[in-house]
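J.: Sharing work.cif here; it has mmCIF, C-alpha atoms and all ligand atoms.
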data_entry
loop_
_atom_site.label_atom_id
_atom_site.label_comp_id
_atom_site.auth_asym_id
_atom_site.auth_seq_id
_atom_site.Cartn_x
_atom_site.Cartn_y
_atom_site.Cartn_z
CA MET D 1 -135.65 -84.99 134.14
CA LYS D 2 -134.55 -82.45 131.57
CA THR D 3 -135.63 -82.90 127.98
CA ASN D 4 -133.46 -80.80 125.77
CA THR D 5 -135.09 -81.91 122.55
CA LYS D 6 -133.36 -79.32 120.36
CA LEU D 7 -129.96 -80.25 121.73
CA TYR D 8 -130.62 -83.93 121.06
CA GLU D 9 -131.68 -83.17 117.50
CA THR D 10 -128.54 -81.13 116.90
CA ALA D 11 -126.31 -83.83 118.36
CA ALA D 12 -128.05 -86.51 116.29
CA ALA D 13 -127.59 -84.47 113.11
CA LEU D 14 -123.89 -83.94 113.85
CA LEU D 15 -123.40 -87.64 114.50
CA ALA D 16 -125.45 -88.90 111.56
CA SER D 17 -124.09 -92.18 110.25
CA GLY D 18 -121.39 -91.73 107.62
CA LYS D 19 -120.79 -88.06 108.44
CA GLY D 20 -118.27 -86.18 110.55
CA VAL D 21 -117.20 -82.70 111.54
CA LEU D 22 -114.61 -80.48 109.89
CA ALA D 23 -112.66 -78.53 112.51
CA ALA D 24 -111.78 -75.33 110.64
CA ASP D 25 -111.55 -73.37 113.88
CA GLU D 26 -107.92 -72.36 113.83
CA SER D 27 -107.25 -69.08 115.59
CA ASP D 28 -105.94 -66.38 113.26
CA GLY D 29 -102.42 -67.25 114.39
CA THR D 30 -102.78 -70.97 113.70
CA ALA D 31 -104.50 -70.26 110.36
CA GLY D 32 -101.26 -68.46 109.50
CA LYS D 33 -99.37 -71.73 109.97
CA ARG D 34 -101.71 -73.40 107.45
CA LEU D 35 -101.19 -70.53 105.00
CA ALA D 36 -97.42 -70.74 105.45
CA MET D 37 -97.65 -74.30 104.09
CA VAL D 38 -98.87 -72.80 100.80
CA HIS D 39 -96.49 -69.83 100.91
CA LEU D 40 -99.16 -67.23 101.58
CA PRO D 41 -98.80 -64.46 104.16
CA ASN D 42 -101.18 -64.53 107.13
CA GLU D 43 -103.53 -61.79 105.93
CA PRO D 44 -107.31 -61.60 106.34
CA GLU D 45 -108.01 -62.02 102.61
CA ASN D 46 -105.89 -65.19 102.46
CA ARG D 47 -107.65 -66.62 105.51
CA GLN D 48 -110.95 -65.79 103.82
CA ASP D 49 -109.91 -67.52 100.56
CA PHE D 50 -108.81 -70.59 102.55
CA ARG D 51 -112.15 -70.85 104.39
CA GLU D 52 -114.27 -69.95 101.38
CA LEU D 53 -112.72 -72.78 99.36
CA LEU D 54 -113.34 -75.22 102.22
CA PHE D 55 -116.91 -74.19 102.94
CA THR D 56 -118.12 -73.91 99.34
CA ALA D 57 -116.60 -77.20 98.18
CA PRO D 58 -119.29 -79.01 96.16
CA ASP D 59 -120.91 -82.06 97.76
CA ILE D 60 -118.99 -82.03 101.07
CA GLU D 61 -122.38 -82.05 102.82
CA LYS D 62 -122.58 -85.74 101.87
CA TYR D 63 -119.84 -86.46 104.39
CA VAL D 64 -119.66 -83.40 106.62
CA SER D 65 -122.42 -82.72 109.15
CA GLY D 66 -120.87 -79.70 110.85
CA VAL D 67 -118.02 -77.21 110.60
CA ILE D 68 -116.36 -75.59 113.60
CA MET D 69 -115.37 -71.98 112.98
CA TYR D 70 -113.37 -69.37 114.85
CA ASP D 71 -114.71 -66.00 115.96
CA SER D 72 -113.27 -64.15 112.97
CA SER D 73 -114.50 -66.74 110.44
CA ILE D 74 -118.07 -67.06 111.73
CA ARG D 75 -118.27 -63.28 111.16
CA ASN D 76 -116.72 -63.55 107.70
CA SER D 77 -118.40 -63.85 104.28
CA THR D 78 -117.74 -65.11 100.78
CA ASP D 79 -116.50 -62.73 98.09
CA GLU D 80 -120.17 -62.34 97.15
CA GLY D 81 -121.05 -61.25 100.67
CA ILE D 82 -122.79 -64.40 101.92
CA PRO D 83 -121.93 -64.97 105.60
CA PHE D 84 -120.03 -68.24 106.09
CA PRO D 85 -122.60 -69.66 108.54
CA ASP D 86 -125.32 -69.08 105.91
CA VAL D 87 -123.24 -70.83 103.24
CA LEU D 88 -123.01 -73.87 105.50
CA THR D 89 -126.63 -73.83 106.66
CA ALA D 90 -127.82 -73.65 103.04
CA LYS D 91 -125.88 -76.86 102.37
CA GLY D 92 -127.42 -78.56 105.42
CA ILE D 93 -124.14 -78.33 107.34
CA MET D 94 -124.41 -77.19 110.94
CA PRO D 95 -122.29 -74.14 111.85
CA GLY D 96 -120.24 -74.50 115.02
CA ILE D 97 -117.95 -72.20 116.98
CA LYS D 98 -114.82 -72.61 119.07
CA VAL D 99 -115.38 -70.50 122.16
CA ASP D 100 -112.36 -71.07 124.35
CA LEU D 101 -109.68 -68.40 124.24
CA GLY D 102 -106.65 -70.65 124.38
CA VAL D 103 -104.41 -71.80 127.18
CA ARG D 104 -102.29 -70.15 129.88
CA ASP D 105 -99.67 -71.72 132.13
CA LEU D 106 -100.98 -73.04 135.42
CA GLN D 107 -98.78 -71.35 138.00
CA ASP D 108 -96.53 -73.69 139.95
CA TYR D 109 -97.54 -76.67 137.80
CA LYS D 110 -94.66 -77.03 135.40
CA GLY D 111 -95.73 -77.92 131.88
CA GLU D 112 -99.46 -77.77 132.61
CA VAL D 113 -101.98 -75.35 131.20
CA ILE D 114 -105.52 -74.15 131.83
CA THR D 115 -107.94 -73.09 129.15
CA GLN D 116 -109.52 -69.66 129.47
CA GLY D 117 -112.63 -68.06 127.99
CA LEU D 118 -115.54 -68.20 130.45
CA ASP D 119 -115.89 -64.41 130.75
CA ASN D 120 -119.02 -63.10 128.99
CA LEU D 121 -119.65 -66.54 127.57
CA THR D 122 -123.43 -66.25 127.99
CA GLU D 123 -123.48 -63.11 125.84
CA ARG D 124 -121.06 -64.60 123.33
CA PHE D 125 -123.21 -67.71 123.00
CA LYS D 126 -126.24 -65.51 122.33
CA ASP D 127 -124.37 -63.68 119.53
CA TYR D 128 -123.11 -66.93 118.01
CA TYR D 129 -126.58 -68.49 118.19
CA ASP D 130 -127.98 -65.48 116.34
CA MET D 131 -125.28 -65.97 113.68
CA GLY D 132 -126.44 -69.58 113.24
CA ALA D 133 -124.14 -71.59 115.51
CA ARG D 134 -125.82 -74.65 117.03
CA PHE D 135 -122.79 -76.35 118.55
CA ALA D 136 -119.54 -75.25 120.14
CA LYS D 137 -116.13 -76.49 121.14
CA TRP D 138 -113.86 -75.91 124.12
CA ARG D 139 -110.41 -77.50 124.13
CA SER D 140 -108.27 -78.25 127.13
CA VAL D 141 -104.75 -79.58 126.80
CA VAL D 142 -103.11 -82.47 128.62
CA SER D 143 -99.44 -83.34 128.16
CA ILE D 144 -97.86 -86.59 129.29
CA ASP D 145 -94.44 -86.38 130.88
CA GLU D 146 -93.11 -89.54 132.54
CA ASN D 147 -94.64 -89.67 136.01
CA GLU D 148 -94.93 -85.89 136.37
CA THR D 149 -97.87 -84.76 134.28
CA PRO D 150 -100.73 -84.56 134.19
CA THR D 151 -101.52 -83.86 137.82
CA ASP D 152 -105.02 -84.50 139.12
CA ALA D 153 -105.10 -80.83 140.14
CA ALA D 154 -104.74 -79.66 136.53
CA LEU D 155 -107.17 -82.29 135.25
CA LYS D 156 -109.74 -81.23 137.82
CA MET D 157 -109.45 -77.53 137.12
CA ASN D 158 -109.78 -78.08 133.38
CA ALA D 159 -112.75 -80.38 134.00
CA ILE D 160 -114.45 -77.59 135.97
CA MET D 161 -113.85 -75.11 133.11
CA LEU D 162 -115.16 -77.59 130.52
CA THR D 163 -118.18 -78.27 132.70
CA ARG D 164 -119.04 -74.60 133.22
CA TYR D 165 -118.71 -74.04 129.46
CA ALA D 166 -120.96 -77.05 128.80
CA GLN D 167 -123.61 -75.75 131.21
CA LEU D 168 -123.65 -72.33 129.55
CA ALA D 169 -123.74 -73.84 126.07
CA GLN D 170 -126.73 -76.04 126.87
CA GLU D 171 -128.49 -73.11 128.52
CA ALA D 172 -128.03 -71.21 125.23
CA GLY D 173 -129.44 -74.05 123.11
CA ILE D 174 -125.99 -74.98 121.83
CA VAL D 175 -124.53 -78.50 121.92
CA PRO D 176 -121.17 -78.46 123.71
CA ILE D 177 -118.29 -80.47 122.35
CA VAL D 178 -115.88 -81.04 125.23
CA GLU D 179 -112.34 -81.64 124.01
CA PRO D 180 -109.62 -82.67 126.43
CA GLU D 181 -106.77 -83.16 123.96
CA ILE D 182 -104.05 -85.55 125.08
CA ILE D 183 -101.01 -84.28 123.24
CA HIS D 184 -99.56 -86.85 120.83
CA ALA D 185 -96.11 -85.28 120.72
CA GLY D 186 -93.74 -86.95 123.16
CA ASP D 187 -92.07 -90.23 124.00
CA HIS D 188 -94.79 -91.73 126.20
CA SER D 189 -95.85 -95.33 125.70
CA LEU D 190 -99.24 -96.62 124.61
CA GLN D 191 -99.86 -97.78 128.19
CA GLN D 192 -99.15 -94.30 129.57
CA ALA D 193 -101.45 -92.75 126.98
CA GLU D 194 -104.21 -95.16 127.91
CA MET D 195 -103.80 -94.51 131.63
CA VAL D 196 -103.77 -90.74 131.23
CA THR D 197 -106.67 -90.63 128.77
CA THR D 198 -108.78 -92.84 131.02
CA ARG D 199 -108.03 -90.71 134.09
CA THR D 200 -108.70 -87.48 132.20
CA LEU D 201 -112.05 -88.69 130.89
CA GLN D 202 -113.11 -90.17 134.21
CA ILE D 203 -112.48 -86.88 136.02
CA LEU D 204 -114.21 -84.96 133.24
CA PHE D 205 -117.36 -87.07 133.20
CA GLN D 206 -117.54 -87.21 137.02
CA THR D 207 -117.50 -83.41 137.03
CA LEU D 208 -120.04 -83.09 134.21
CA ILE D 209 -122.39 -85.42 136.08
CA GLU D 210 -121.80 -83.67 139.41
CA TYR D 211 -122.91 -80.37 137.86
CA LYS D 212 -125.91 -81.92 136.08
CA VAL D 213 -124.80 -81.39 132.51
CA ASP D 214 -127.15 -83.30 130.21
CA LEU D 215 -124.83 -85.87 128.67
CA ALA D 216 -127.41 -86.76 126.01
CA GLY D 217 -126.90 -83.25 124.63
CA LEU D 218 -123.09 -83.29 124.77
CA ILE D 219 -120.38 -84.66 122.47
CA LEU D 220 -116.91 -85.76 123.55
CA LYS D 221 -114.01 -84.85 121.27
CA SER D 222 -111.16 -87.17 122.12
CA SER D 223 -107.67 -88.02 121.12
CA MET D 224 -107.09 -91.53 119.86
CA VAL D 225 -105.09 -93.57 122.37
CA LEU D 226 -101.61 -94.21 120.97
CA ALA D 227 -97.94 -93.98 121.90
CA GLY D 228 -96.26 -90.57 121.65
CA ASP D 229 -94.89 -89.63 118.24
CA SER D 230 -91.27 -90.11 119.37
CA HIS D 231 -91.79 -93.37 121.24
CA PRO D 232 -89.67 -96.14 119.62
CA GLN D 233 -92.64 -98.47 119.37
CA GLN D 234 -95.43 -96.93 117.33
CA THR D 235 -98.97 -98.21 117.76
CA SER D 236 -100.66 -100.25 115.04
CA PRO D 237 -104.23 -99.39 113.98
CA ALA D 238 -105.58 -102.56 115.63
CA GLU D 239 -103.85 -101.61 118.91
CA VAL D 240 -105.10 -98.02 118.68
CA ALA D 241 -108.64 -99.28 118.20
CA GLN D 242 -108.49 -101.65 121.15
CA ALA D 243 -106.83 -99.19 123.54
CA THR D 244 -109.11 -96.33 122.52
CA LEU D 245 -112.33 -98.28 122.93
CA ARG D 246 -111.12 -99.82 126.20
CA THR D 247 -110.52 -96.30 127.46
CA PHE D 248 -113.99 -95.12 126.42
CA HIS D 249 -115.67 -98.10 128.02
CA MET D 250 -113.86 -97.29 131.28
CA SER D 251 -114.82 -93.64 131.31
CA VAL D 252 -117.60 -92.45 128.96
CA PRO D 253 -121.18 -92.95 130.18
CA HIS D 254 -123.48 -94.48 127.61
CA GLU D 255 -125.81 -91.45 127.78
CA CYS D 256 -123.16 -89.28 126.11
CA ALA D 257 -124.53 -88.34 122.65
CA GLY D 258 -121.39 -89.43 120.83
CA ILE D 259 -117.66 -89.23 120.37
CA VAL D 260 -115.62 -87.51 117.68
CA PHE D 261 -111.87 -87.65 117.16
CA LEU D 262 -109.27 -85.00 116.66
CA SER D 263 -106.35 -86.05 114.46
CA GLY D 264 -103.70 -84.57 116.75
CA GLY D 265 -100.91 -84.19 114.23
CA GLN D 266 -101.00 -87.78 112.97
CA ALA D 267 -100.29 -88.02 109.24
CA PRO D 268 -103.67 -87.81 107.46
CA ASP D 269 -103.59 -91.41 106.18
CA ARG D 270 -102.65 -92.72 109.60
CA ALA D 271 -105.51 -90.87 111.31
CA THR D 272 -107.88 -92.32 108.72
CA GLU D 273 -106.51 -95.87 109.09
CA ASN D 274 -106.84 -95.68 112.85
CA LEU D 275 -110.40 -94.41 112.55
CA ASN D 276 -111.16 -97.27 110.18
CA ALA D 277 -109.80 -99.80 112.67
CA ILE D 278 -112.04 -98.30 115.37
CA GLY D 279 -115.01 -98.34 112.96
CA LYS D 280 -114.34 -101.98 112.14
CA LEU D 281 -114.84 -102.98 115.77
CA GLY D 282 -118.36 -101.52 115.33
CA GLY D 283 -121.40 -101.73 117.58
CA GLN D 284 -120.40 -99.28 120.33
CA PRO D 285 -122.81 -97.58 122.76
CA TRP D 286 -122.08 -94.18 121.16
CA PRO D 287 -121.90 -93.00 117.56
CA ILE D 288 -118.19 -92.42 116.80
CA THR D 289 -116.81 -90.31 113.96
CA PHE D 290 -114.17 -87.75 112.99
CA SER D 291 -113.73 -84.07 113.77
CA PHE D 292 -110.35 -83.60 112.12
CA SER D 293 -108.61 -80.38 111.26
CA ARG D 294 -105.10 -81.11 110.03
CA ALA D 295 -105.88 -84.62 108.71
CA ILE D 296 -108.56 -83.13 106.45
CA GLU D 297 -106.95 -79.81 105.60
CA GLU D 298 -103.44 -80.99 104.78
CA PRO D 299 -104.26 -82.86 101.55
CA PHE D 300 -106.46 -79.93 100.52
CA LEU D 301 -103.68 -77.41 101.20
CA ASN D 302 -101.16 -79.48 99.25
CA ALA D 303 -103.48 -79.51 96.24
CA TRP D 304 -104.34 -75.82 96.51
CA ASP D 305 -100.79 -74.55 97.01
CA GLY D 306 -102.26 -71.09 97.47
CA LYS D 307 -102.95 -70.68 93.74
CA PRO D 308 -106.40 -69.60 92.49
CA GLU D 309 -106.16 -71.90 89.46
CA ASN D 310 -105.88 -74.92 91.81
CA GLY D 311 -109.06 -74.07 93.76
CA SER D 312 -111.41 -76.58 92.09
CA LYS D 313 -108.84 -79.36 92.21
CA ALA D 314 -108.25 -78.70 95.91
CA GLN D 315 -112.00 -78.86 96.56
CA GLU D 316 -112.10 -82.26 94.81
CA VAL D 317 -109.27 -83.45 97.05
CA LEU D 318 -111.19 -82.17 100.07
CA LEU D 319 -114.28 -84.11 98.99
CA GLU D 320 -112.19 -87.25 98.49
CA THR D 321 -110.61 -86.89 101.96
CA CYS D 322 -113.99 -86.35 103.63
CA LYS D 323 -115.39 -89.38 101.80
CA LYS D 324 -112.48 -91.56 102.93
CA ASN D 325 -112.96 -90.50 106.55
CA SER D 326 -116.68 -91.07 106.30
CA MET D 327 -116.05 -94.63 105.15
CA ALA D 328 -113.40 -95.06 107.85
CA ALA D 329 -115.86 -93.99 110.55
CA LEU D 330 -118.03 -96.89 109.38
CA GLY D 331 -115.03 -99.24 109.22
CA LYS D 332 -115.61 -99.71 105.52
CA LEU D 333 -112.38 -98.41 104.06
CA ASN D 334 -110.77 -101.76 103.34
P1 LIG D 401 -106.53 -81.74 114.62
O1 LIG D 401 -107.42 -82.73 113.90
O2 LIG D 401 -105.59 -81.04 113.72
O3 LIG D 401 -105.89 -82.32 115.83
O4 LIG D 401 -107.47 -80.59 115.15
C1 LIG D 401 -108.67 -80.85 115.73
C2 LIG D 401 -108.99 -79.81 116.70
O5 LIG D 401 -110.10 -79.34 116.76
C3 LIG D 401 -107.93 -79.38 117.63
O6 LIG D 401 -108.46 -78.58 118.62
#
Reformat the file's structure so that it appears as structure tokens.
Ligand code: 13P
T.:
Amino acid sequence: MKTNTKLYETAAALLASGKGVLAADESDGTAGKRLAMVHLPNEPENRQDFRELLFTAPDIEKYVSGVIMYDSSIRNSTDEGIPFPDVLTAKGIMPGIKVDLGVRDLQDYKGEVITQGLDNLTERFKDYYDMGARFAKWRSVVSIDENETPTDAALKMNAIMLTRYAQLAQEAGIVPIVEPEIIHAGDHSLQQAEMVTTRTLQILFQTLIEYKVDLAGLILKSSMVLAGDSHPQQTSPAEVAQATLRTFHMSVPHECAGIVFLSGGQAPDRATENLNAIGKLGGQPWPITFSFSRAIEEPFLNAWDGKPENGSKAQEVLLETCKKNSMAALGKLN
């Protein structure tokens, strides 16, 4: 029996009650989309300002246990020259790193993609560990299209990639977050979302177990289970909570260290309300919390508007958003 004590300690710290993870791991290209919202060009100094404001926001450590960064941001520093991972570590926030290199089309499987990034991953993990990273993320992408996608073939290949990444992460002393994102955009029903999410997670966990990944040192990052954003019947928070937890109980072994949610393009308040409904059901076998990107960053970006004079105000909004999501994770929002 393996005893990966350090991994368990890291996972426990990330999943501490009332805290969650900020996913600030946009690639440089996607960071440009965030900056476009505040009318700033996608230049390195604007990306640095964006991240510096997020990471130095006073008191966020009360609600944020970890921050996921991207390769260019984990190597970046504040204006005063303090490396971003050190800024976070000094606040008691665990630095994390996205290590996948994005998706490519899966040949002959229309509309399906495979995540890449396994090359040199052992060496990359060593570098990231030396920079302070103690957890990592790898995202695969699953789209729902009537009865066509996803295919088991694509789910299985992505599960193998996620599993290999998870093995290498654990070997490097880094807690893997495995993230099979079920894309929210589309006109699929709640039932389809539930079926696909369950199948995806079952294949993933079967593969992780087959290759002896230590589930007690691994975190699942999941989509909430809800109808596609263009389906005529949108899912209420109570329905999201029931469908999501039903899915987890059908597919996530109890040994798994915990589950965090992506927001997946839901409006920030909606993501928080859904999380609150899940929190309200309480008493699950795994700690469950947030690992939002857009649902946390959007209110902050709106307050900042790319203007230096709005920096402090935007940091207050960030704190407020993190606090709300922390309460929601506990089901204590209202
Ligand atoms: P969103 O919360 O914006 O979905 O992002 C989370 C994430 O990490 C996506 O990979």
J.: Could you jot down the atom CA of D:Arg75 to atom CA of D:Phe135 separation for me, Å, one decimal place?
T.: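 Atom-to-atom, atom CA of D:Arg75 and atom CA of D:Phe135 are spaced 15.7 Å apart.
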J.: Rounded to one decimal in Å, what is the spacing between atom CA of D:Val225 and atom CA of D:Lys156?
T.: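 Going from atom CA of D:Val225 over to atom CA of D:Lys156, I get 20.3 Å.
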J.: When the cut-off is 6 Å and you count all atoms listed in the file, which residues lie near ligand LIG 401 (chain D), shown as a ChimeraX atom specification?
T.: /D:23,139,262-265,292-295
J.: Determine the nearest neighbour of D:His184 from the options D:Asn120, D:Thr149, D:Gln206, D:Ser223, counting all atoms listed in the file.
T.: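 Under the stated criterion, the closest residue is D:Ser223.
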J.: Kindly indicate which residue among D:Glu194, D:Asn46, D:Ile114, D:Lys62 lies nearest to D:Arg34, using only C-alpha atoms for the distances.
T.: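 Among D:Glu194, D:Asn46, D:Ile114, D:Lys62, it is D:Asn46 that comes nearest to D:Arg34.
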J.: What's the separation between atom CA of D:Leu245 and atom CA of D:Ala153, in Å to one decimal place?
T.: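 Separation of atom CA of D:Leu245 and atom CA of D:Ala153: 25.6 Å.
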J.: Show me, as a list in words, the residues that have an atom within 12 Å of D:Glu239 when counting only C-alpha atoms, minus same-chain residues fewer than 6 positions from it.
T.: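 Near D:Glu239, the qualifying residues are Leu190, Gln191, Glu194, Met224, Val225, Leu226, Ala227, Gln233, Leu245, Arg246, Glu273, Asn274, Leu275, Ala277, Ile278 and Leu281 of chain D.
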J.: Need the shell around D:Thr272: protein/DNA/RNA residues with any atom at most 8 Å away, counting all atoms listed in the file. Skip same-chain ones fewer than 3 positions apart. Format as a list in words?
T.: Pro268, Asp269, Leu275, Asn276, Ala295, Lys324, Asn325 and Ala328 of chain D
J.: Between D:Ser73, D:Thr122, D:Thr78, D:Gln107, which has the minimum distance to D:Gln170 (counting all atoms listed in the file)?
T.: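 For D:Gln170, the nearest of the given residues is D:Thr122.
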J.: When you count all atoms listed in the file, which of these residues is closest to D:Glu210: D:Gln167, D:Thr3, D:Thr151, D:Gln48?
T.: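 For D:Glu210, the nearest of the candidates is D:Gln167.
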